[in-house]
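Engineer: Got final28.txt for you, compact mmCIF, C-alpha atoms:
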```
# COMPACT_ATOMS: atom_id res chain seq x y z
CA MET Q 1 70.02 126.53 142.94
CA THR Q 2 73.31 128.14 141.95
CA PRO Q 3 73.87 127.94 138.19
CA SER Q 4 76.93 126.13 136.96
CA PHE Q 5 79.17 127.83 134.46
CA PRO Q 6 81.22 125.92 131.91
CA GLY Q 7 84.61 124.83 133.19
CA THR Q 8 84.11 125.97 136.80
CA ALA Q 9 83.60 122.47 138.23
CA ASP Q 10 86.97 121.35 136.96
CA GLN Q 11 88.72 124.35 138.47
CA VAL Q 12 88.05 123.21 142.05
CA SER Q 13 91.19 121.63 143.52
CA PRO Q 14 90.72 118.08 144.83
CA PRO Q 15 91.49 117.31 148.46
CA GLY Q 16 95.02 116.18 149.28
CA PRO Q 17 98.54 117.61 149.08
CA ARG Q 18 99.12 120.43 146.67
CA PRO Q 19 101.16 119.68 143.56
CA GLY Q 20 104.88 120.16 144.15
CA VAL Q 21 104.55 120.07 147.95
CA ARG Q 22 106.14 117.06 149.64
CA PRO Q 23 105.18 115.73 153.10
CA ALA Q 24 107.37 116.94 155.93
CA TRP Q 25 108.06 113.40 157.20
CA LEU Q 26 110.05 112.76 154.03
CA LEU Q 27 112.69 115.05 155.60
CA ILE Q 28 113.45 112.70 158.52
CA GLY Q 29 115.99 110.51 156.72
CA PRO Q 30 117.81 113.30 154.85
CA ALA Q 31 117.90 115.47 157.99
CA LEU Q 32 119.54 112.65 159.97
CA ALA Q 33 121.99 112.06 157.12
CA ALA Q 34 122.77 115.79 157.02
CA SER Q 35 123.57 115.71 160.74
CA LEU Q 36 125.87 112.72 160.10
CA GLY Q 37 127.69 114.77 157.47
CA ALA Q 38 128.11 117.61 159.97
CA PHE Q 39 129.34 115.14 162.59
CA LEU Q 40 132.03 113.79 160.26
CA LEU Q 41 133.07 117.35 159.35
CA THR Q 42 134.04 118.35 162.90
CA LEU Q 43 135.25 114.94 164.05
CA THR Q 44 138.90 115.92 163.50
CA VAL Q 45 138.75 118.87 165.92
CA GLY Q 46 140.42 118.78 169.34
CA PRO Q 47 142.33 115.94 171.01
CA GLU Q 48 141.46 113.55 168.21
CA TRP Q 49 143.46 115.59 165.71
CA ALA Q 50 146.48 115.52 168.02
CA ALA Q 51 146.20 111.73 168.21
CA MET Q 52 145.89 111.49 164.42
CA ARG Q 53 148.99 113.63 163.97
CA ARG Q 54 151.04 111.45 166.30
CA ASP Q 55 149.78 108.21 164.78
CA MET Q 56 150.45 109.18 161.16
CA ASP Q 57 153.29 111.65 161.74
CA LEU Q 58 151.44 114.56 160.11
CA PRO Q 59 152.55 118.21 160.22
CA ALA Q 60 150.44 120.74 162.07
CA SER Q 61 149.49 122.41 158.76
CA ALA Q 62 147.77 119.19 157.63
CA ILE Q 63 144.65 120.18 159.57
CA LEU Q 64 143.87 122.71 156.84
CA TRP Q 65 144.01 120.06 154.11
CA VAL Q 66 141.87 117.70 156.19
CA PHE Q 67 139.09 120.30 156.20
CA VAL Q 68 139.59 121.34 152.58
CA ALA Q 69 139.48 117.69 151.47
CA TYR Q 70 136.04 117.44 153.09
CA LEU Q 71 134.52 120.85 152.40
CA LEU Q 72 135.54 121.28 148.76
CA PRO Q 73 133.85 118.07 147.48
CA ALA Q 74 130.89 118.86 149.75
CA LEU Q 75 130.41 122.32 148.24
CA LEU Q 76 130.65 120.88 144.73
CA ALA Q 77 128.09 118.19 145.56
CA VAL Q 78 125.45 120.47 147.13
CA PRO Q 79 124.03 121.79 143.82
CA VAL Q 80 124.11 118.27 142.37
CA GLY Q 81 122.15 116.95 145.33
CA ALA Q 82 119.65 119.82 145.12
CA LEU Q 83 119.15 119.39 141.37
CA LEU Q 84 118.66 115.63 141.43
CA GLY Q 85 116.96 115.56 144.82
CA ARG Q 86 114.22 117.81 143.52
CA ARG Q 87 112.67 114.75 141.86
CA TRP Q 88 114.45 111.76 143.40
CA PRO Q 89 115.32 112.57 147.05
CA THR Q 90 115.54 108.94 148.17
CA ALA Q 91 117.46 107.81 145.09
CA VAL Q 92 120.06 110.52 145.79
CA GLY Q 93 120.06 110.26 149.59
CA LEU Q 94 120.88 106.55 149.69
CA PRO Q 95 124.02 106.84 147.50
CA ALA Q 96 125.05 109.82 149.62
CA ILE Q 97 125.05 107.62 152.71
CA ALA Q 98 126.81 104.93 150.68
CA LEU Q 99 129.63 107.46 150.21
CA MET Q 100 129.77 108.85 153.74
CA VAL Q 101 129.97 105.49 155.49
CA PRO Q 102 132.77 103.97 153.33
CA GLY Q 103 134.57 107.30 153.50
CA ALA Q 104 134.46 107.15 157.29
CA VAL Q 105 135.67 103.54 157.23
CA LEU Q 106 138.52 104.51 154.92
CA ILE Q 107 139.55 107.21 157.40
CA THR Q 108 139.44 104.62 160.18
CA LEU Q 109 141.82 102.37 158.24
CA ALA Q 110 144.07 105.22 157.06
CA SER Q 111 147.78 104.69 157.53
CA GLY Q 112 148.95 107.96 156.00
CA SER Q 113 147.88 111.32 154.65
CA GLY Q 114 146.88 109.95 151.23
CA SER Q 115 144.23 107.50 152.45
CA LEU Q 116 143.13 110.00 155.10
CA LEU Q 117 142.47 112.76 152.56
CA LEU Q 118 140.79 110.32 150.16
CA GLY Q 119 138.43 109.15 152.87
CA ARG Q 120 137.63 112.75 153.78
CA ALA Q 121 136.92 113.60 150.14
CA VAL Q 122 134.59 110.63 149.64
CA ALA Q 123 132.69 111.32 152.86
CA GLY Q 124 132.55 115.05 152.06
CA PHE Q 125 131.03 114.46 148.63
CA GLY Q 126 128.35 112.27 150.18
CA ALA Q 127 127.63 114.90 152.82
CA GLY Q 128 127.27 117.60 150.16
CA LEU Q 129 124.79 115.47 148.22
CA VAL Q 130 122.56 114.94 151.22
CA TRP Q 131 122.82 118.61 152.25
CA GLY Q 132 121.52 119.55 148.80
CA VAL Q 133 118.68 117.01 149.01
CA THR Q 134 117.70 118.27 152.46
CA ALA Q 135 117.67 121.90 151.33
CA MET Q 136 115.45 121.03 148.36
CA LEU Q 137 113.01 119.05 150.53
CA ILE Q 138 112.73 122.02 152.89
CA ALA Q 139 111.93 124.23 149.91
CA GLN Q 140 109.26 121.75 148.82
CA ALA Q 141 107.67 121.47 152.27
CA GLY Q 142 105.27 124.34 151.58
CA PRO Q 143 103.93 126.10 154.70
CA ARG Q 144 105.55 123.41 156.88
CA ARG Q 145 108.99 124.82 156.12
CA VAL Q 146 108.36 127.41 158.85
CA TRP Q 147 108.96 124.76 161.50
CA ALA Q 148 110.77 122.12 159.41
CA ALA Q 149 113.75 124.38 158.60
CA PRO Q 150 114.59 125.16 162.27
CA LEU Q 151 114.31 121.48 163.20
CA VAL Q 152 116.68 120.42 160.43
CA ALA Q 153 119.08 123.24 161.29
CA GLY Q 154 119.02 122.12 164.91
CA ALA Q 155 119.87 118.54 163.90
CA VAL Q 156 122.82 119.76 161.82
CA VAL Q 157 124.09 122.01 164.62
CA LEU Q 158 123.78 119.07 167.03
CA GLY Q 159 125.92 116.98 164.67
CA LEU Q 160 128.51 119.76 164.50
CA GLY Q 161 128.67 119.90 168.28
CA LEU Q 162 128.77 116.15 168.86
CA GLY Q 163 131.74 115.66 166.54
CA PRO Q 164 134.40 117.22 168.80
CA VAL Q 165 132.78 115.82 171.96
CA ALA Q 166 132.62 112.22 170.71
CA GLY Q 167 136.07 112.52 169.18
CA ALA Q 168 137.59 113.77 172.44
CA LEU Q 169 135.96 111.11 174.61
CA LEU Q 170 136.73 108.13 172.40
CA ALA Q 171 140.20 109.34 171.43
CA ARG Q 172 141.20 109.49 175.09
CA THR Q 173 139.64 106.17 176.11
CA LEU Q 174 140.05 104.01 172.98
CA SER Q 175 141.54 105.43 169.77
CA TRP Q 176 140.95 108.31 167.37
CA ARG Q 177 139.73 105.74 164.83
CA TRP Q 178 136.70 104.62 166.80
CA PRO Q 179 134.52 107.76 166.44
CA PHE Q 180 134.51 107.38 162.65
CA LEU Q 181 133.09 103.88 163.03
CA LEU Q 182 129.97 105.42 164.59
CA ALA Q 183 128.99 106.35 161.03
CA VAL Q 184 128.41 102.66 160.21
CA PRO Q 185 125.46 101.88 162.55
CA PHE Q 186 124.05 105.38 162.27
CA GLY Q 187 124.24 105.25 158.47
CA ALA Q 188 122.47 101.85 158.49
CA VAL Q 189 119.61 103.27 160.56
CA VAL Q 190 119.29 106.35 158.36
CA SER Q 191 119.34 104.20 155.21
CA LEU Q 192 116.49 102.11 156.62
CA VAL Q 193 114.49 105.26 157.40
CA MET Q 194 115.03 106.53 153.85
CA VAL Q 195 114.03 103.21 152.28
CA VAL Q 196 110.81 103.04 154.32
CA SER Q 197 109.99 106.68 153.53
CA GLY Q 198 110.63 106.09 149.83
CA ILE Q 199 108.38 103.02 149.77
CA ILE Q 200 105.57 104.89 151.55
CA MET Q 201 105.90 107.75 149.07
CA LEU Q 202 105.74 105.38 146.10
CA VAL Q 203 102.64 103.66 147.53
CA ARG Q 204 100.95 107.01 148.10
CA GLN Q 205 101.70 108.15 144.58
CA ALA Q 206 100.43 104.88 143.11
CA SER Q 207 97.18 105.08 145.11
CA THR Q 208 96.48 108.71 144.20
CA PRO Q 209 93.81 108.82 141.46
CA THR Q 210 94.78 110.55 138.27
CA ARG Q 211 93.07 113.90 137.93
CA PRO Q 212 90.98 114.09 134.73
CA PRO Q 213 91.82 116.88 132.30
CA ALA Q 214 89.86 120.08 132.82
CA ALA Q 215 87.18 120.96 130.34
CA PRO Q 216 87.93 124.03 128.24
CA SER Q 217 86.45 127.21 129.59
CA ALA Q 218 83.85 128.94 127.51
```
Would you mind writing the file's structure down as structure tokens?

Structural biologist:
Amino acid sequence: MTPSFPGTADQVSPPGPRPGVRPAWLLIGPALAASLGAFLLTLTVGPEWAAMRRDMDLPASAILWVFVAYLLPALLAVPVGALLGRRWPTAVGLPAIALMVPGAVLITLASGSGSLLLGRAVAGFGAGLVWGVTAMLIAQAGPRRVWAAPLVAGAVVLGLGLGPVAGALLARTLSWRWPFLLAVPFGAVVSLVMVVSGIIMLVRQASTPTRPPAAPSA
């Protein structure tokens, strides 16, 4: 029989996820929200921008401000989302969607450059928050980040590519305003995914037994 030394029994890690490592499925909602942020970023590229210019009588140079109004708040929000999302990913991700969707609606209802830029800024800040949350969840995925990071990157690239395509198709058939309304149903679905993921995570944490303190080593 192998002798037992003081303190060694308590040094064996219990089965289950390692401390600080989050399950990869928790990335589903934030990854979808991150792709929505990328979609809204590039939605003003191509024929849709020409239609927006005609409708609101904007100068050609306004395209620069449309991107700056989105990217600048997004870049400022990324570290905030990463810092807060480290502990509360769902609590940060849901308000991020609550900013992106109304921002997109505000762009849809815009009658001039002021409301257009305001809508872009609101949506951009929400996108930056969820980009920060997603990056932090990838960092907390442990060994799973090897395949989780490429999947999330692929979803974001897909959103970047779909923006100009959806904008061009709907701008030619309906109006340049309609593509932004796609954020409403998509945001509702992503919010539901985040809520369900958050509830499952809370239940798992509540059902995990508390690890007793280790006995002092001799």

Engineer: Please report the interatomic distance between CA of Gly112 in chain Q and CA of Leu43 in chain Q in Å with one decimal.

Structural biologist: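 We find that CA of Gly112 in chain Q and CA of Leu43 in chain Q lie 17.4 Å from each other.
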
Engineer: At a cut-off of 8 Å, can you tabulate as CSV every residue of range 115-142 of chain Q near range 62-78 of chain Q together with its closest atom pair and the distance in Å to one decimal, using only C-alpha atoms and ordering rows by chain then number?

Structural biologist:
```
residue,atom,partner,partner_atom,distance
Q:Leu116,CA,Q:Val66,CA,7.9
Q:Leu117,CA,Q:Ala69,CA,5.9
Q:Leu118,CA,Q:Ala69,CA,7.6
Q:Arg120,CA,Q:Tyr70,CA,5.0
Q:Ala121,CA,Q:Tyr70,CA,4.9
Q:Val122,CA,Q:Tyr70,CA,7.8
Q:Ala123,CA,Q:Tyr70,CA,7.0
Q:Gly124,CA,Q:Tyr70,CA,4.4
Q:Phe125,CA,Q:Ala74,CA,4.5
Q:Gly126,CA,Q:Ala74,CA,7.1
Q:Ala127,CA,Q:Ala74,CA,6.0
Q:Gly128,CA,Q:Ala74,CA,3.9
Q:Leu129,CA,Q:Ala77,CA,5.0
Q:Val130,CA,Q:Val78,CA,7.5
Q:Trp131,CA,Q:Val78,CA,6.0
Q:Gly132,CA,Q:Val78,CA,4.4
Q:Val133,CA,Q:Val78,CA,7.8
```

Engineer: Would you tabulate, counting all atoms listed in the file, all residues of range 98-177 of chain Q that have an atom at most 12 Å from an atom of range 183-196 of chain Q, showing the closest pair of atoms and their distance in Å to one decimal, sorted by chain then ascending number, as a Markdown table?

Structural biologist:
```
| residue | atom | partner | partner_atom | distance |
| --- | --- | --- | --- | --- |
| Q:Ala98 | CA | Q:Gly187 | CA | 8.2 |
| Q:Leu99 | CA | Q:Gly187 | CA | 10.1 |
| Q:Met100 | CA | Q:Ala183 | CA | 7.7 |
| Q:Val101 | CA | Q:Ala183 | CA | 5.7 |
| Q:Pro102 | CA | Q:Val184 | CA | 8.2 |
| Q:Gly103 | CA | Q:Ala183 | CA | 9.4 |
| Q:Ala104 | CA | Q:Ala183 | CA | 6.7 |
| Q:Val105 | CA | Q:Val184 | CA | 7.9 |
| Q:Leu106 | CA | Q:Ala183 | CA | 11.5 |
| Q:Ile107 | CA | Q:Ala183 | CA | 11.2 |
| Q:Thr108 | CA | Q:Ala183 | CA | 10.6 |
| Q:Ala123 | CA | Q:Ala183 | CA | 10.3 |
| Q:Gly126 | CA | Q:Gly187 | CA | 11.6 |
| Q:Ala127 | CA | Q:Gly187 | CA | 11.7 |
| Q:Val130 | CA | Q:Met194 | CA | 11.6 |
| Q:Gly159 | CA | Q:Ala183 | CA | 11.6 |
| Q:Gly163 | CA | Q:Ala183 | CA | 11.2 |
| Q:Ala166 | CA | Q:Ala183 | CA | 11.9 |
| Q:Arg177 | CA | Q:Ala183 | CA | 11.4 |
```

Engineer: Please provide the set of residues having any atom within 9 Å of Met56 in chain Q, restricted to all atoms listed in the file, with same-chain residues fewer than 6 positions apart removed, written as an MDAnalysis selection string.

Structural biologist: chainID Q and resid 110:113

Engineer: Which of these residues is nearest to Val165 in chain Q, using only C-alpha atoms: Q:Thr90, Q:Thr134, Q:Ser35, Q:Thr42?

Structural biologist: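 Of Q:Thr90, Q:Thr134, Q:Ser35, Q:Thr42, the one nearest Val165 in chain Q is Q:Thr42, counting only C-alpha atoms.
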
Engineer: Quick one: of Q:Pro47, Q:Pro179, Q:Gly154, Q:Gly167, who's nearest to Leu32 in chain Q, counting all atoms listed in the file?

Structural biologist: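 Nearest to Leu32 in chain Q: Q:Gly154.
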
Engineer: To one decimal place in Å, what is the distance between CA of Ala206 in chain Q and CA of Pro79 in chain Q?

Structural biologist: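 Spanning CA of Ala206 in chain Q to CA of Pro79 in chain Q is a straight-line distance of 29.0 Å.
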
Engineer: Any idea what's packed within 6 Å of range 20-25 of chain Q, counting all atoms listed in the file, ignoring anything in its chain fewer than 2 positions away? Could you give it as a list in words?

Structural biologist: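 Listing them by chain and then by number gives Arg18, Leu27, Ile28, Gln140, Ala141 and Gly142 of chain Q.
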
Engineer: Since we have the selection now, will you write its residues out, keeping C-alpha atoms, as a short mmCIF file (atom, residue, chain, number, x, y, z; two decimals), in the frame of the given file?

Structural biologist:
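Dumped to again-v8.cif:
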```cif
data_model
loop_
_atom_site.label_atom_id
_atom_site.label_comp_id
_atom_site.auth_asym_id
_atom_site.auth_seq_id
_atom_site.Cartn_x
_atom_site.Cartn_y
_atom_site.Cartn_z
CA ARG Q 18 99.12 120.43 146.67
CA LEU Q 27 112.69 115.05 155.60
CA ILE Q 28 113.45 112.70 158.52
CA GLN Q 140 109.26 121.75 148.82
CA ALA Q 141 107.67 121.47 152.27
CA GLY Q 142 105.27 124.34 151.58
#
```

Engineer: Using only C-alpha atoms, which of Q:Ser61, Q:Gly198, Q:Leu181, Q:Ile97 sits nearest Trp49 in chain Q?

Structural biologist: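 Using only C-alpha atoms, the shortest distance to Trp49 in chain Q belongs to Q:Ser61.
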
Engineer: Looking at all atoms listed in the file, which of Q:Leu170, Q:Leu158, Q:Ile200, Q:Ala60 is the one that sits closest to Ala38 in chain Q?

Structural biologist: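 Using all atoms listed in the file, the shortest distance to Ala38 in chain Q belongs to Q:Leu158.
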
Engineer: If you measure from CA of Ala171 in chain Q to CA of Leu58 in chain Q, what distance in Å do you get, rounded to one decimal?

Structural biologist: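 Computed distance, CA of Ala171 in chain Q to CA of Leu58 in chain Q, equals 16.8 Å.
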
Engineer: Calculated over only C-alpha atoms, which of the candidates Q:Leu109, Q:Met201, Q:Leu83, Q:Ala34 has the smallest distance to Phe180 in chain Q?

Structural biologist: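 Comparing Q:Leu109, Q:Met201, Q:Leu83, Q:Ala34 against Phe180 in chain Q, the winner is Q:Leu109.
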
Engineer: Of the candidates Q:Ala149, Q:Ala135, Q:Thr173, Q:Pro143, which one gets nearest to Pro89 in chain Q if we count all atoms listed in the file?

Structural biologist: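 The closest residue to Pro89 in chain Q is Q:Ala135.
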